[in-house]
file input-v3.cif (mmCIF, C-alpha atoms)
data_upload
loop_
_atom_site.label_atom_id
_atom_site.label_comp_id
_atom_site.auth_asym_id
_atom_site.auth_seq_id
_atom_site.Cartn_x
_atom_site.Cartn_y
_atom_site.Cartn_z
CA MET A 1 117.88 38.90 102.13
CA GLU A 2 115.51 41.87 101.97
CA GLU A 3 113.99 40.84 105.33
CA LEU A 4 117.45 40.60 106.90
CA ARG A 5 118.21 44.11 105.62
CA GLN A 6 115.10 45.47 107.26
CA VAL A 7 115.95 43.74 110.55
CA ALA A 8 119.50 45.11 110.34
CA ALA A 9 118.27 48.66 109.69
CA GLY A 10 115.82 48.43 112.58
CA LEU A 11 118.53 47.12 114.90
CA ALA A 12 120.99 49.81 113.76
CA ILE A 13 118.73 52.72 114.62
CA GLY A 14 117.17 51.00 117.63
CA LEU A 15 120.43 50.11 119.35
CA GLY A 16 122.07 53.29 118.10
CA ALA A 17 119.38 55.45 119.69
CA LEU A 18 119.85 53.74 123.08
CA GLY A 19 123.07 55.47 124.11
CA PRO A 20 122.25 58.97 122.84
CA GLY A 21 118.82 58.68 124.49
CA ILE A 22 120.42 58.07 127.87
CA GLY A 23 122.98 60.79 127.17
CA LEU A 24 120.36 63.37 126.18
CA GLY A 25 118.35 62.57 129.30
CA LEU A 26 121.41 63.06 131.51
CA GLY A 27 122.33 66.29 129.74
CA VAL A 28 118.86 67.81 129.98
CA SER A 29 118.47 66.73 133.60
CA LYS A 30 121.74 68.38 134.58
CA ALA A 31 120.85 71.54 132.67
CA MET A 32 117.45 71.71 134.37
CA GLU A 33 119.13 71.19 137.72
CA ALA A 34 121.54 74.02 137.04
CA LEU A 35 118.68 76.20 135.85
CA GLY A 36 116.68 75.45 138.97
CA ARG A 37 119.58 76.40 141.21
CA ASN A 38 120.44 79.51 139.25
CA PRO A 39 117.62 80.78 137.00
CA GLU A 40 119.57 83.88 135.86
CA ALA A 41 122.15 81.62 134.20
CA SER A 42 119.74 80.64 131.40
CA GLY A 43 121.39 83.02 128.93
CA ALA A 44 124.88 81.68 129.60
CA LEU A 45 123.59 78.11 129.65
CA PHE A 46 121.74 78.18 126.33
CA VAL A 47 124.59 77.94 123.82
CA PRO A 48 126.59 75.19 125.61
CA TYR A 49 123.31 73.36 126.22
CA VAL A 50 122.29 73.37 122.56
CA LEU A 51 125.81 72.42 121.47
CA GLY A 52 126.02 69.56 123.95
CA LEU A 53 122.64 68.21 122.91
CA ALA A 54 123.57 68.48 119.24
CA LEU A 55 126.83 66.61 119.76
CA THR A 56 125.04 63.87 121.73
CA GLU A 57 122.24 63.62 119.22
CA ALA A 58 124.75 63.35 116.37
CA VAL A 59 125.53 59.79 117.49
CA ALA A 60 121.91 58.80 116.97
CA ILE A 61 122.00 60.52 113.59
CA TYR A 62 125.02 58.42 112.58
CA ALA A 63 123.04 55.31 113.48
CA LEU A 64 120.14 56.64 111.42
CA VAL A 65 122.37 57.28 108.42
CA ILE A 66 123.78 53.76 108.71
CA GLY A 67 120.25 52.40 108.92
CA LEU A 68 119.19 54.36 105.84
CA LEU A 69 122.29 53.19 103.98
CA ILE A 70 121.52 49.56 104.84
CA LEU A 71 117.91 49.98 103.78
CA PHE A 72 118.24 51.98 100.57
CA THR A 73 121.58 51.12 98.98
CA MET B 1 103.08 60.85 98.35
CA PRO B 2 101.98 57.19 98.35
CA GLU B 3 101.07 57.38 94.66
CA ASP B 4 104.70 58.31 93.91
CA ALA B 5 105.85 54.83 94.91
CA GLY B 6 106.58 53.99 91.28
CA GLY B 7 108.20 50.61 90.64
CA HIS B 8 107.70 48.83 93.96
CA GLU B 9 104.01 49.15 94.66
CA GLU B 10 104.10 47.82 98.23
CA ALA B 11 106.11 50.88 99.37
CA LEU B 12 104.28 53.13 101.81
CA ILE B 13 106.15 56.29 100.92
CA HIS B 14 108.55 57.46 98.25
CA VAL B 15 112.06 57.60 99.74
CA ALA B 16 115.08 58.67 97.71
CA ILE B 17 118.33 59.01 99.63
CA LYS B 18 119.83 61.29 97.01
CA GLY B 19 118.49 64.10 94.85
CA GLU B 20 116.79 62.86 91.71
CA THR B 21 117.78 64.19 88.32
CA LEU B 22 115.21 66.42 86.64
CA PHE B 23 117.04 67.28 83.42
CA HIS B 24 120.53 67.79 82.05
CA ILE B 25 122.31 71.01 81.10
CA GLY B 26 125.24 69.78 79.05
CA PRO B 27 127.17 67.31 81.24
CA PHE B 28 125.58 68.60 84.47
CA ALA B 29 122.57 66.86 85.95
CA VAL B 30 120.08 69.27 87.51
CA THR B 31 118.52 67.57 90.54
CA ASN B 32 115.42 68.49 92.46
CA SER B 33 117.49 69.47 95.49
CA MET B 34 119.09 72.17 93.33
CA VAL B 35 115.62 73.61 92.81
CA GLY B 36 115.23 73.66 96.60
CA THR B 37 118.59 75.40 97.00
CA LEU B 38 117.60 77.93 94.35
CA ILE B 39 114.35 78.73 96.18
CA ALA B 40 116.24 79.22 99.47
CA THR B 41 118.77 81.48 97.74
CA VAL B 42 116.08 83.54 96.01
CA VAL B 43 114.18 84.01 99.28
CA LEU B 44 117.35 85.11 101.10
CA ALA B 45 118.52 87.37 98.29
CA SER B 46 115.15 89.12 97.96
CA LEU B 47 114.93 89.60 101.73
CA ALA B 48 118.45 91.04 101.76
CA PHE B 49 117.57 93.31 98.83
CA TRP B 50 114.39 94.49 100.57
CA VAL B 51 116.20 95.18 103.86
CA SER B 52 119.07 97.01 102.19
CA ARG B 53 116.59 99.29 100.39
CA ASN B 54 114.10 99.85 103.19
CA ALA B 55 116.25 99.72 106.31
CA SER B 56 115.42 102.40 108.83
CA THR B 57 116.83 103.34 112.21
CA VAL B 58 113.54 102.49 113.85
CA PRO B 59 112.96 98.99 112.52
CA GLY B 60 109.56 97.90 111.35
CA ARG B 61 108.08 94.51 112.08
CA LEU B 62 109.83 92.59 109.26
CA GLN B 63 113.12 94.37 109.81
CA SER B 64 113.25 93.63 113.52
CA PHE B 65 112.32 90.03 112.75
CA LEU B 66 115.27 89.86 110.36
CA GLU B 67 117.57 91.65 112.79
CA PHE B 68 116.91 89.14 115.56
CA PRO B 69 119.31 86.40 114.33
CA LEU B 70 121.97 89.03 113.65
CA GLU B 71 121.69 90.41 117.17
CA PHE B 72 121.64 86.98 118.81
CA LEU B 73 124.53 85.45 116.83
CA GLY B 74 126.43 88.73 116.95
CA GLY B 75 126.20 88.67 120.74
CA VAL B 76 127.39 85.08 120.93
CA VAL B 77 130.33 85.72 118.58
CA LYS B 78 131.25 88.94 120.39
CA ALA B 79 131.37 87.13 123.73
CA GLN B 80 133.89 84.62 122.34
CA HIS B 81 135.93 86.89 120.05
CA PRO B 82 135.97 90.40 121.53
CA THR B 83 138.59 91.63 119.04
CA ARG B 84 137.69 89.85 115.79
CA TRP B 85 133.92 89.44 115.93
CA ARG B 86 133.25 91.81 113.03
CA GLN B 87 135.06 89.49 110.60
CA ILE B 88 133.61 86.29 112.04
CA VAL B 89 129.92 87.24 112.23
CA PRO B 90 129.17 87.43 108.46
CA PRO B 91 130.10 83.82 107.50
CA ILE B 92 128.46 82.41 110.66
CA LEU B 93 125.29 84.38 109.98
CA THR B 94 125.30 83.38 106.31
CA ILE B 95 125.55 79.70 107.24
CA PHE B 96 122.77 80.08 109.80
CA LEU B 97 120.36 81.88 107.46
CA LEU B 98 121.01 79.61 104.49
CA VAL B 99 120.54 76.44 106.51
CA LEU B 100 117.45 77.88 108.21
CA VAL B 101 115.75 78.85 104.96
CA ALA B 102 116.82 75.61 103.28
CA ASN B 103 115.29 73.64 106.16
CA TYR B 104 112.07 75.63 106.02
CA VAL B 105 111.71 75.15 102.27
CA GLY B 106 111.12 71.48 103.10
CA LEU B 107 108.10 72.39 105.22
CA LEU B 108 106.32 74.38 102.51
CA PRO B 109 103.24 72.74 101.01
CA GLY B 110 103.94 71.24 97.61
CA VAL B 111 107.60 70.43 98.30
CA GLY B 112 108.06 66.72 97.77
CA THR B 113 104.43 66.25 96.75
CA ILE B 114 104.38 67.91 93.32
CA GLY B 115 105.88 65.45 90.91
CA VAL B 116 107.14 65.75 87.37
CA ARG B 117 107.63 63.04 84.78
CA VAL B 118 111.22 62.41 83.77
CA ILE B 119 113.02 59.80 81.71
CA GLU B 120 115.24 57.86 84.10
CA ASP B 121 117.47 55.07 82.80
CA GLY B 122 115.31 54.73 79.70
CA HIS B 123 111.94 54.42 81.43
CA GLU B 124 109.57 57.11 82.62
CA ALA B 125 109.36 57.89 86.33
CA THR B 126 107.71 60.46 88.56
CA VAL B 127 110.07 62.41 90.81
CA PRO B 128 109.32 65.30 93.18
CA LEU B 129 109.94 68.70 91.55
CA ILE B 130 111.41 70.26 94.70
CA ARG B 131 113.50 68.60 97.38
CA PRO B 132 114.62 70.58 100.44
CA ALA B 133 118.27 71.46 99.93
CA SER B 134 119.49 70.24 103.31
CA ALA B 135 117.98 66.78 102.73
CA ASP B 136 120.71 66.30 100.12
CA LEU B 137 124.18 65.28 101.30
CA ASN B 138 125.78 67.37 98.53
CA PHE B 139 124.46 70.60 100.05
CA THR B 140 125.42 69.79 103.64
CA LEU B 141 128.83 68.45 102.61
CA ALA B 142 129.51 71.64 100.67
CA LEU B 143 128.58 73.74 103.71
CA ALA B 144 130.76 71.57 105.96
CA LEU B 145 133.70 71.99 103.56
CA ILE B 146 133.17 75.76 103.62
CA ALA B 147 133.14 75.62 107.43
CA PHE B 148 136.33 73.54 107.35
CA VAL B 149 138.11 76.06 105.12
CA LEU B 150 136.79 78.81 107.40
CA PHE B 151 138.19 77.45 110.63
CA VAL B 152 141.47 76.31 109.14
CA SER B 153 142.01 79.74 107.57
CA TRP B 154 141.14 81.41 110.87
CA GLY B 155 143.64 79.17 112.63
CA ILE B 156 146.30 80.23 110.12
CA ARG B 157 145.31 83.88 110.40
CA ALA B 158 145.45 83.86 114.20
CA ASN B 159 148.55 81.74 114.82
CA GLY B 160 150.45 82.22 111.56
CA LEU B 161 151.08 79.38 109.10
CA LYS B 162 154.05 78.14 111.12
CA GLY B 163 152.18 78.32 114.38
CA TYR B 164 149.15 76.56 112.94
CA LEU B 165 151.19 73.73 111.45
CA LYS B 166 153.11 73.40 114.70
CA GLU B 167 149.88 73.24 116.70
CA THR B 168 148.38 70.66 114.37
CA PHE B 169 151.28 68.38 113.59
CA ILE B 170 153.55 68.50 116.64
CA ALA B 171 152.27 67.43 120.03
CA ASN B 172 153.28 69.28 123.15
CA PRO B 173 155.79 66.81 124.54
CA PRO B 174 157.46 66.20 121.15
CA TYR B 175 157.89 62.45 121.77
CA MET B 176 154.07 62.10 121.73
CA THR B 177 153.91 63.32 118.11
CA PRO B 178 153.64 59.88 116.41
CA LEU B 179 150.63 59.07 118.59
CA MET B 180 148.89 62.45 118.74
CA THR B 181 149.30 63.75 115.19
CA PRO B 182 147.13 61.07 113.50
CA ILE B 183 144.46 61.62 116.17
CA HIS B 184 144.60 65.38 115.54
CA ILE B 185 144.29 64.95 111.78
CA VAL B 186 141.43 62.47 112.09
CA SER B 187 139.58 64.69 114.55
CA GLU B 188 139.96 67.72 112.26
CA LEU B 189 138.74 65.81 109.22
CA SER B 190 135.93 64.05 111.07
CA ARG B 191 134.38 67.46 111.74
CA ILE B 192 133.49 67.67 108.05
CA ILE B 193 131.70 64.32 108.23
CA SER B 194 129.96 64.99 111.51
CA LEU B 195 128.79 68.49 110.49
CA SER B 196 127.40 67.32 107.15
CA MET B 197 125.91 64.05 108.42
CA ARG B 198 124.20 65.74 111.36
CA LEU B 199 122.34 68.23 109.21
CA PHE B 200 121.58 65.74 106.44
CA GLY B 201 120.41 63.07 108.88
CA ASN B 202 118.17 65.43 110.82
CA VAL B 203 116.45 67.02 107.85
CA PHE B 204 116.17 63.81 105.83
CA ALA B 205 114.80 61.92 108.85
CA GLY B 206 112.36 64.77 109.38
CA GLU B 207 111.16 64.52 105.79
CA ILE B 208 110.64 60.75 106.14
CA LEU B 209 108.92 61.23 109.51
CA LEU B 210 106.48 63.74 107.99
CA ALA B 211 105.79 61.49 105.00
CA VAL B 212 105.20 58.43 107.22
CA MET B 213 102.90 60.39 109.53
CA LEU B 214 100.98 61.71 106.54
CA ALA B 215 100.60 58.19 105.17
CA LEU B 216 99.65 56.49 108.44
CA THR B 217 97.49 59.00 110.29
CA PHE B 218 94.82 61.62 109.64
CA ALA B 219 94.64 65.40 109.52
CA VAL B 220 95.76 66.70 112.93
CA VAL B 221 98.65 64.35 113.76
CA PRO B 222 100.99 65.34 110.88
CA ALA B 223 100.43 69.00 111.79
CA ILE B 224 101.95 68.36 115.25
CA PHE B 225 105.02 66.84 113.64
CA LEU B 226 105.18 69.73 111.18
CA GLY B 227 105.42 72.09 114.16
CA LEU B 228 108.11 69.86 115.66
CA GLU B 229 110.05 69.95 112.40
CA ALA B 230 109.84 73.76 112.37
CA ILE B 231 111.58 73.78 115.77
CA PHE B 232 114.16 71.22 114.65
CA GLY B 233 114.90 73.18 111.49
CA ALA B 234 115.77 76.28 113.50
CA VAL B 235 117.74 74.28 116.09
CA GLN B 236 119.79 72.49 113.43
CA ALA B 237 120.61 75.76 111.68
CA LEU B 238 121.69 77.22 115.02
CA VAL B 239 123.74 74.11 115.82
CA PHE B 240 125.56 74.23 112.48
CA ALA B 241 126.41 77.91 112.97
CA LEU B 242 127.43 77.51 116.62
CA LEU B 243 129.61 74.47 115.91
CA THR B 244 131.38 76.37 113.13
CA LEU B 245 131.93 79.20 115.58
CA THR B 246 133.23 76.78 118.22
CA TYR B 247 135.67 75.25 115.75
CA ILE B 248 136.87 78.73 114.79
CA THR B 249 137.34 79.54 118.48
CA LEU B 250 139.34 76.35 119.01
CA ALA B 251 141.47 77.05 115.94
CA THR B 252 142.24 80.66 116.88
CA ALA B 253 143.07 79.79 120.48
CA GLY B 254 145.46 76.99 119.50
CA HIS B 255 145.04 73.29 120.12
CA GLY B 256 147.31 72.59 123.06
CA GLY B 257 145.23 74.37 125.66
CA GLY B 258 147.22 73.33 128.71
CA HIS B 259 150.76 74.22 127.64
CA ASP B 260 152.56 77.51 127.96
CA GLU B 261 151.57 79.77 125.06
CA ALA B 262 153.05 82.99 126.35
CA HIS B 263 156.35 82.62 124.46
CA ASP B 264 154.95 82.76 120.93
CA ALA B 265 151.34 83.91 121.16
CA PRO B 266 150.40 87.55 120.57
CA GLU B 267 148.49 89.33 123.29
CA HIS B 268 144.97 88.92 121.88
CA ASP B 269 145.50 85.16 121.65
CA ALA B 270 146.30 85.03 125.33
CA ASP B 271 143.01 86.91 125.87
CA ASP B 272 141.14 84.29 123.88
CA VAL B 273 142.69 81.48 125.88
CA ALA B 274 141.82 83.21 129.14
CA LEU B 275 138.27 83.69 127.89
CA ARG B 276 138.00 80.05 126.92
CA ALA B 277 139.36 78.92 130.25
CA GLY B 278 136.86 81.17 131.98
CA ALA B 279 133.99 79.88 129.87
CA HIS B 280 134.48 76.24 130.86
#
call {"tool": "encode", "arguments": {"input": "input-v3.cif", "output": "structure tokens"}}
result
Amino acid sequence: MEELRQVAAGLAIGLGALGPGIGLGLGVSKAMEALGRNPEASGALFVPYVLGLALTEAVAIYALVIGLLILFT
Amino acid sequence: MPEDAGGHEEALIHVAIKGETLFHIGPFAVTNSMVGTLIATVVLASLAFWVSRNASTVPGRLQSFLEFPLEFLGGVVKAQHPTRWRQIVPPILTIFLLVLVANYVGLLPGVGTIGVRVIEDGHEATVPLIRPASADLNFTLALALIAFVLFVSWGIRANGLKGYLKETFIANPPYMTPLMTPIHIVSELSRIISLSMRLFGNVFAGEILLAVMLALTFAVVPAIFLGLEAIFGAVQALVFALLTLTYITLATAGHGGGHDEAHDAPEHDADDVALRAGAH
């Protein structure tokens, strides 16, 4: 049972990080593209960029919390 | 930390998902994360005391360092709320500074490594004396609840109680209400969970990451991750503050967005909506 728990926790964070990883990559790539086209926009870009990354990353954090819950409770 | 493993000796690191009780004051259990919160509060309070006594028009090095977050967040808030930014900046800044200092307490040497002996469930155990406050769900949940009260009260203040309830509970084409209202309520309440879980997950995962790196590798490698955690600590504090600000902006501008707000909204609300539309 303990081994199954560890496999489940590993799967939870591993699969859960898949989507947000792709999403973060897309977000950063678009932001870099925009920055390359228009370098003066960095000030206006910063806050939406950080917020977007945080909201995307939150999904991975949920997976992490689930993994921790499986492992330690 | 490996020697803290306690009962199960095969464990690589000591991981506790919740704050561990140090001692009891009456019916209240004092946990090690409370010690971390206390340290963060003392640091902030003494800095505030120092600045309020020694503030000068030409800021010194420490003062300009402390003014930087105020200027940055003040600018961001002012861009979104040209009329009300003076009332909105203080809570946002307080959240930012408290989360920032609470995150950085976790990076101090000795936090999580200095243990004390306590009696736990009848037998003696070693628990860390200090736990960073934001690695405890109680702390982040409390902050998220404060943020929730903040943006709901701002929604009521901006649109009036009637307007706020109408925005929240009645969808724009009224026949959509049975479908939209539950979604609205769930999305409002899920903000509490997502705000608290994001901060808790990040900081707690960072703590575990540092402990694992310290246990697995040698001198230089954990230092790199310590630097990484310093960046993440600041980013997470910023994210918490900015998300609270965004929720306040959404609440003050009304939820409908697309529908005609001219008939009941005061003039400054129309400004906010125009600003939001321009920002996207």
call {"tool": "interface_residues", "arguments": {"input": "input-v3.cif", "of": "chain B", "to": "chain A", "cutoff": "7 Å", "atoms": "all atoms listed in the file", "output": "PyMOL selection string"}}
result
chain B and resi 198+201-202+239
call {"tool": "atom_distance", "arguments": {"input": "input-v3.cif", "atom1": "atom CA of Asn103 of chain B", "atom2": "atom CA of Ile192 of chain B"}}
result
19.2 Å
call {"tool": "residues_around", "arguments": {"input": "input-v3.cif", "residues": "Leu45 of chain A", "least_positions_apart": "5", "cutoff": "9 Å", "atoms": "only C-alpha atoms", "output": "CSV table (one decimal) with C-alpha atoms, in the frame of the given file"}}
result
chain,number,residue,atom,x,y,z
A,31,ALA,CA,120.8,71.5,132.7
A,34,ALA,CA,121.5,74.0,137.0
A,35,LEU,CA,118.7,76.2,135.8
A,50,VAL,CA,122.3,73.4,122.6
call {"tool": "atom_distance", "arguments": {"input": "input-v3.cif", "atom1": "atom CA of Arg53 of chain B", "atom2": "atom CA of Ile146 of chain B"}}
result
29.0 Å
call {"tool": "axis_aligned_box", "arguments": {"input": "input-v3.cif", "around": "segment 25-30 of chain A", "padding_each_side": "4 Å", "output": "lines of an AutoDock Vina configuration file"}}
result
center_x = 120.3
center_y = 65.5
center_z = 131.9
size_x = 12.0
size_y = 13.8
size_z = 13.3
call {"tool": "resolve_selection", "arguments": {"input": "input-v3.cif", "expression": "the PyMOL selection byres ((chain A and resi 6) around 12)", "output": "PyMOL selection string"}}
result
chain A and resi 1-5+7-14+67-73
call {"tool": "atom_distance", "arguments": {"input": "input-v3.cif", "atom1": "atom CA of Val116 of chain B", "atom2": "atom CA of Ile13 of chain B"}}
result
16.6 Å
call {"tool": "residues_around", "arguments": {"input": "input-v3.cif", "residues": "Tyr49 of chain A", "least_positions_apart": "6", "cutoff": "12 Å", "atoms": "only C-alpha atoms", "output": "number ranges by chain"}}
result
A: 24, 26-32, 34-35, 41-43, 55-56; B: 235, 238-239, 242
call {"tool": "write_last_selection", "arguments": {"input": "input-v3.cif", "atoms": "C-alpha atoms", "output": "compact mmCIF listing (two decimals), keeping the file's coordinate frame"}}
result
# COMPACT_ATOMS: atom_id res chain seq x y z
CA LEU A 24 120.36 63.37 126.18
CA LEU A 26 121.41 63.06 131.51
CA GLY A 27 122.33 66.29 129.74
CA VAL A 28 118.86 67.81 129.98
CA SER A 29 118.47 66.73 133.60
CA LYS A 30 121.74 68.38 134.58
CA ALA A 31 120.85 71.54 132.67
CA MET A 32 117.45 71.71 134.37
CA ALA A 34 121.54 74.02 137.04
CA LEU A 35 118.68 76.20 135.85
CA ALA A 41 122.15 81.62 134.20
CA SER A 42 119.74 80.64 131.40
CA GLY A 43 121.39 83.02 128.93
CA LEU A 55 126.83 66.61 119.76
CA THR A 56 125.04 63.87 121.73
CA VAL B 235 117.74 74.28 116.09
CA LEU B 238 121.69 77.22 115.02
CA VAL B 239 123.74 74.11 115.82
CA LEU B 242 127.43 77.51 116.62
call {"tool": "resolve_selection", "arguments": {"input": "input-v3.cif", "expression": "the PyMOL selection byres ((chain B and resi 77) around 12)", "output": "number ranges by chain"}}
result
A: 47; B: 69-76, 78-93, 241-246, 248-249
call {"tool": "write_last_selection", "arguments": {"input": "input-v3.cif", "atoms": "C-alpha atoms", "output": "CSV table (one decimal), in the frame of the given file"}}
result
chain,number,residue,atom,x,y,z
A,47,VAL,CA,124.6,77.9,123.8
B,69,PRO,CA,119.3,86.4,114.3
B,70,LEU,CA,122.0,89.0,113.6
B,71,GLU,CA,121.7,90.4,117.2
B,72,PHE,CA,121.6,87.0,118.8
B,73,LEU,CA,124.5,85.4,116.8
B,74,GLY,CA,126.4,88.7,117.0
B,75,GLY,CA,126.2,88.7,120.7
B,76,VAL,CA,127.4,85.1,120.9
B,78,LYS,CA,131.2,88.9,120.4
B,79,ALA,CA,131.4,87.1,123.7
B,80,GLN,CA,133.9,84.6,122.3
B,81,HIS,CA,135.9,86.9,120.0
B,82,PRO,CA,136.0,90.4,121.5
B,83,THR,CA,138.6,91.6,119.0
B,84,ARG,CA,137.7,89.8,115.8
B,85,TRP,CA,133.9,89.4,115.9
B,86,ARG,CA,133.2,91.8,113.0
B,87,GLN,CA,135.1,89.5,110.6
B,88,ILE,CA,133.6,86.3,112.0
B,89,VAL,CA,129.9,87.2,112.2
B,90,PRO,CA,129.2,87.4,108.5
B,91,PRO,CA,130.1,83.8,107.5
B,92,ILE,CA,128.5,82.4,110.7
B,93,LEU,CA,125.3,84.4,110.0
B,241,ALA,CA,126.4,77.9,113.0
B,242,LEU,CA,127.4,77.5,116.6
B,243,LEU,CA,129.6,74.5,115.9
B,244,THR,CA,131.4,76.4,113.1
B,245,LEU,CA,131.9,79.2,115.6
B,246,THR,CA,133.2,76.8,118.2
B,248,ILE,CA,136.9,78.7,114.8
B,249,THR,CA,137.3,79.5,118.5
call {"tool": "resolve_selection", "arguments": {"input": "input-v3.cif", "expression": "the PyMOL selection byres ((chain B and resi 212) around 10)", "output": "PyMOL selection string"}}
result
chain B and resi 1-2+12-14+206-211+213-217+222
call {"tool": "closest_residue", "arguments": {"input": "input-v3.cif", "among": "B:Ser33, B:Thr181, B:Ser64, B:Thr57", "to": "Lys166 of chain B", "atoms": "all atoms listed in the file"}}
result
B:Thr181
call {"tool": "build_atoms", "arguments": {"input": "input-v3.cif", "residues": "segment 20-42 of chain B", "atoms": "N, CA and C atoms", "output": "PDB file, keeping the file's coordinate frame"}}
result
ATOM      1  N   GLU B  20     117.066  63.539  92.968  1.00  0.00           N
ATOM      2  CA  GLU B  20     116.790  62.860  91.710  1.00  0.00           C
ATOM      3  C   GLU B  20     116.931  63.834  90.543  1.00  0.00           C
ATOM      4  N   THR B  21     117.481  63.343  89.462  1.00  0.00           N
ATOM      5  CA  THR B  21     117.780  64.190  88.320  1.00  0.00           C
ATOM      6  C   THR B  21     116.491  64.606  87.616  1.00  0.00           C
ATOM      7  N   LEU B  22     116.367  65.914  87.388  1.00  0.00           N
ATOM      8  CA  LEU B  22     115.210  66.420  86.640  1.00  0.00           C
ATOM      9  C   LEU B  22     115.521  66.496  85.161  1.00  0.00           C
ATOM     10  N   PHE B  23     116.625  67.186  84.812  1.00  0.00           N
ATOM     11  CA  PHE B  23     117.040  67.280  83.420  1.00  0.00           C
ATOM     12  C   PHE B  23     118.541  67.576  83.384  1.00  0.00           C
ATOM     13  N   HIS B  24     119.088  67.572  82.189  1.00  0.00           N
ATOM     14  CA  HIS B  24     120.530  67.790  82.050  1.00  0.00           C
ATOM     15  C   HIS B  24     120.792  69.106  81.347  1.00  0.00           C
ATOM     16  N   ILE B  25     121.786  69.869  81.844  1.00  0.00           N
ATOM     17  CA  ILE B  25     122.310  71.010  81.100  1.00  0.00           C
ATOM     18  C   ILE B  25     123.726  70.622  80.720  1.00  0.00           C
ATOM     19  N   GLY B  26     123.930  70.275  79.455  1.00  0.00           N
ATOM     20  CA  GLY B  26     125.240  69.780  79.050  1.00  0.00           C
ATOM     21  C   GLY B  26     125.587  68.543  79.862  1.00  0.00           C
ATOM     22  N   PRO B  27     126.800  68.492  80.452  1.00  0.00           N
ATOM     23  CA  PRO B  27     127.170  67.310  81.240  1.00  0.00           C
ATOM     24  C   PRO B  27     126.614  67.339  82.658  1.00  0.00           C
ATOM     25  N   PHE B  28     126.014  68.480  83.077  1.00  0.00           N
ATOM     26  CA  PHE B  28     125.580  68.600  84.470  1.00  0.00           C
ATOM     27  C   PHE B  28     124.143  68.138  84.625  1.00  0.00           C
ATOM     28  N   ALA B  29     123.921  67.304  85.625  1.00  0.00           N
ATOM     29  CA  ALA B  29     122.570  66.860  85.950  1.00  0.00           C
ATOM     30  C   ALA B  29     121.954  67.857  86.925  1.00  0.00           C
ATOM     31  N   VAL B  30     120.779  68.364  86.603  1.00  0.00           N
ATOM     32  CA  VAL B  30     120.080  69.270  87.510  1.00  0.00           C
ATOM     33  C   VAL B  30     119.120  68.427  88.351  1.00  0.00           C
ATOM     34  N   THR B  31     119.359  68.392  89.676  1.00  0.00           N
ATOM     35  CA  THR B  31     118.520  67.570  90.540  1.00  0.00           C
ATOM     36  C   THR B  31     117.462  68.422  91.216  1.00  0.00           C
ATOM     37  N   ASN B  32     116.483  67.727  91.815  1.00  0.00           N
ATOM     38  CA  ASN B  32     115.420  68.490  92.460  1.00  0.00           C
ATOM     39  C   ASN B  32     115.891  69.203  93.716  1.00  0.00           C
ATOM     40  N   SER B  33     116.999  68.733  94.328  1.00  0.00           N
ATOM     41  CA  SER B  33     117.490  69.470  95.490  1.00  0.00           C
ATOM     42  C   SER B  33     118.111  70.806  95.077  1.00  0.00           C
ATOM     43  N   MET B  34     118.589  70.881  93.820  1.00  0.00           N
ATOM     44  CA  MET B  34     119.090  72.170  93.330  1.00  0.00           C
ATOM     45  C   MET B  34     117.969  73.181  93.238  1.00  0.00           C
ATOM     46  N   VAL B  35     116.772  72.712  92.852  1.00  0.00           N
ATOM     47  CA  VAL B  35     115.620  73.610  92.810  1.00  0.00           C
ATOM     48  C   VAL B  35     115.333  74.132  94.216  1.00  0.00           C
ATOM     49  N   GLY B  36     115.426  73.229  95.216  1.00  0.00           N
ATOM     50  CA  GLY B  36     115.230  73.660  96.600  1.00  0.00           C
ATOM     51  C   GLY B  36     116.259  74.684  97.034  1.00  0.00           C
ATOM     52  N   THR B  37     117.531  74.449  96.672  1.00  0.00           N
ATOM     53  CA  THR B  37     118.590  75.400  97.000  1.00  0.00           C
ATOM     54  C   THR B  37     118.326  76.752  96.352  1.00  0.00           C
ATOM     55  N   LEU B  38     117.872  76.694  95.091  1.00  0.00           N
ATOM     56  CA  LEU B  38     117.600  77.930  94.350  1.00  0.00           C
ATOM     57  C   LEU B  38     116.503  78.732  95.037  1.00  0.00           C
ATOM     58  N   ILE B  39     115.438  78.033  95.495  1.00  0.00           N
ATOM     59  CA  ILE B  39     114.350  78.730  96.180  1.00  0.00           C
ATOM     60  C   ILE B  39     114.869  79.402  97.450  1.00  0.00           C
ATOM     61  N   ALA B  40     115.681  78.655  98.239  1.00  0.00           N
ATOM     62  CA  ALA B  40     116.240  79.220  99.470  1.00  0.00           C
ATOM     63  C   ALA B  40     117.074  80.456  99.154  1.00  0.00           C
ATOM     64  N   THR B  41     117.902  80.359  98.087  1.00  0.00           N
ATOM     65  CA  THR B  41     118.770  81.480  97.740  1.00  0.00           C
ATOM     66  C   THR B  41     117.954  82.683  97.301  1.00  0.00           C
ATOM     67  N   VAL B  42     116.903  82.432  96.498  1.00  0.00           N
ATOM     68  CA  VAL B  42     116.080  83.540  96.010  1.00  0.00           C
ATOM     69  C   VAL B  42     115.380  84.225  97.177  1.00  0.00           C
TER      70      VAL B  42
END
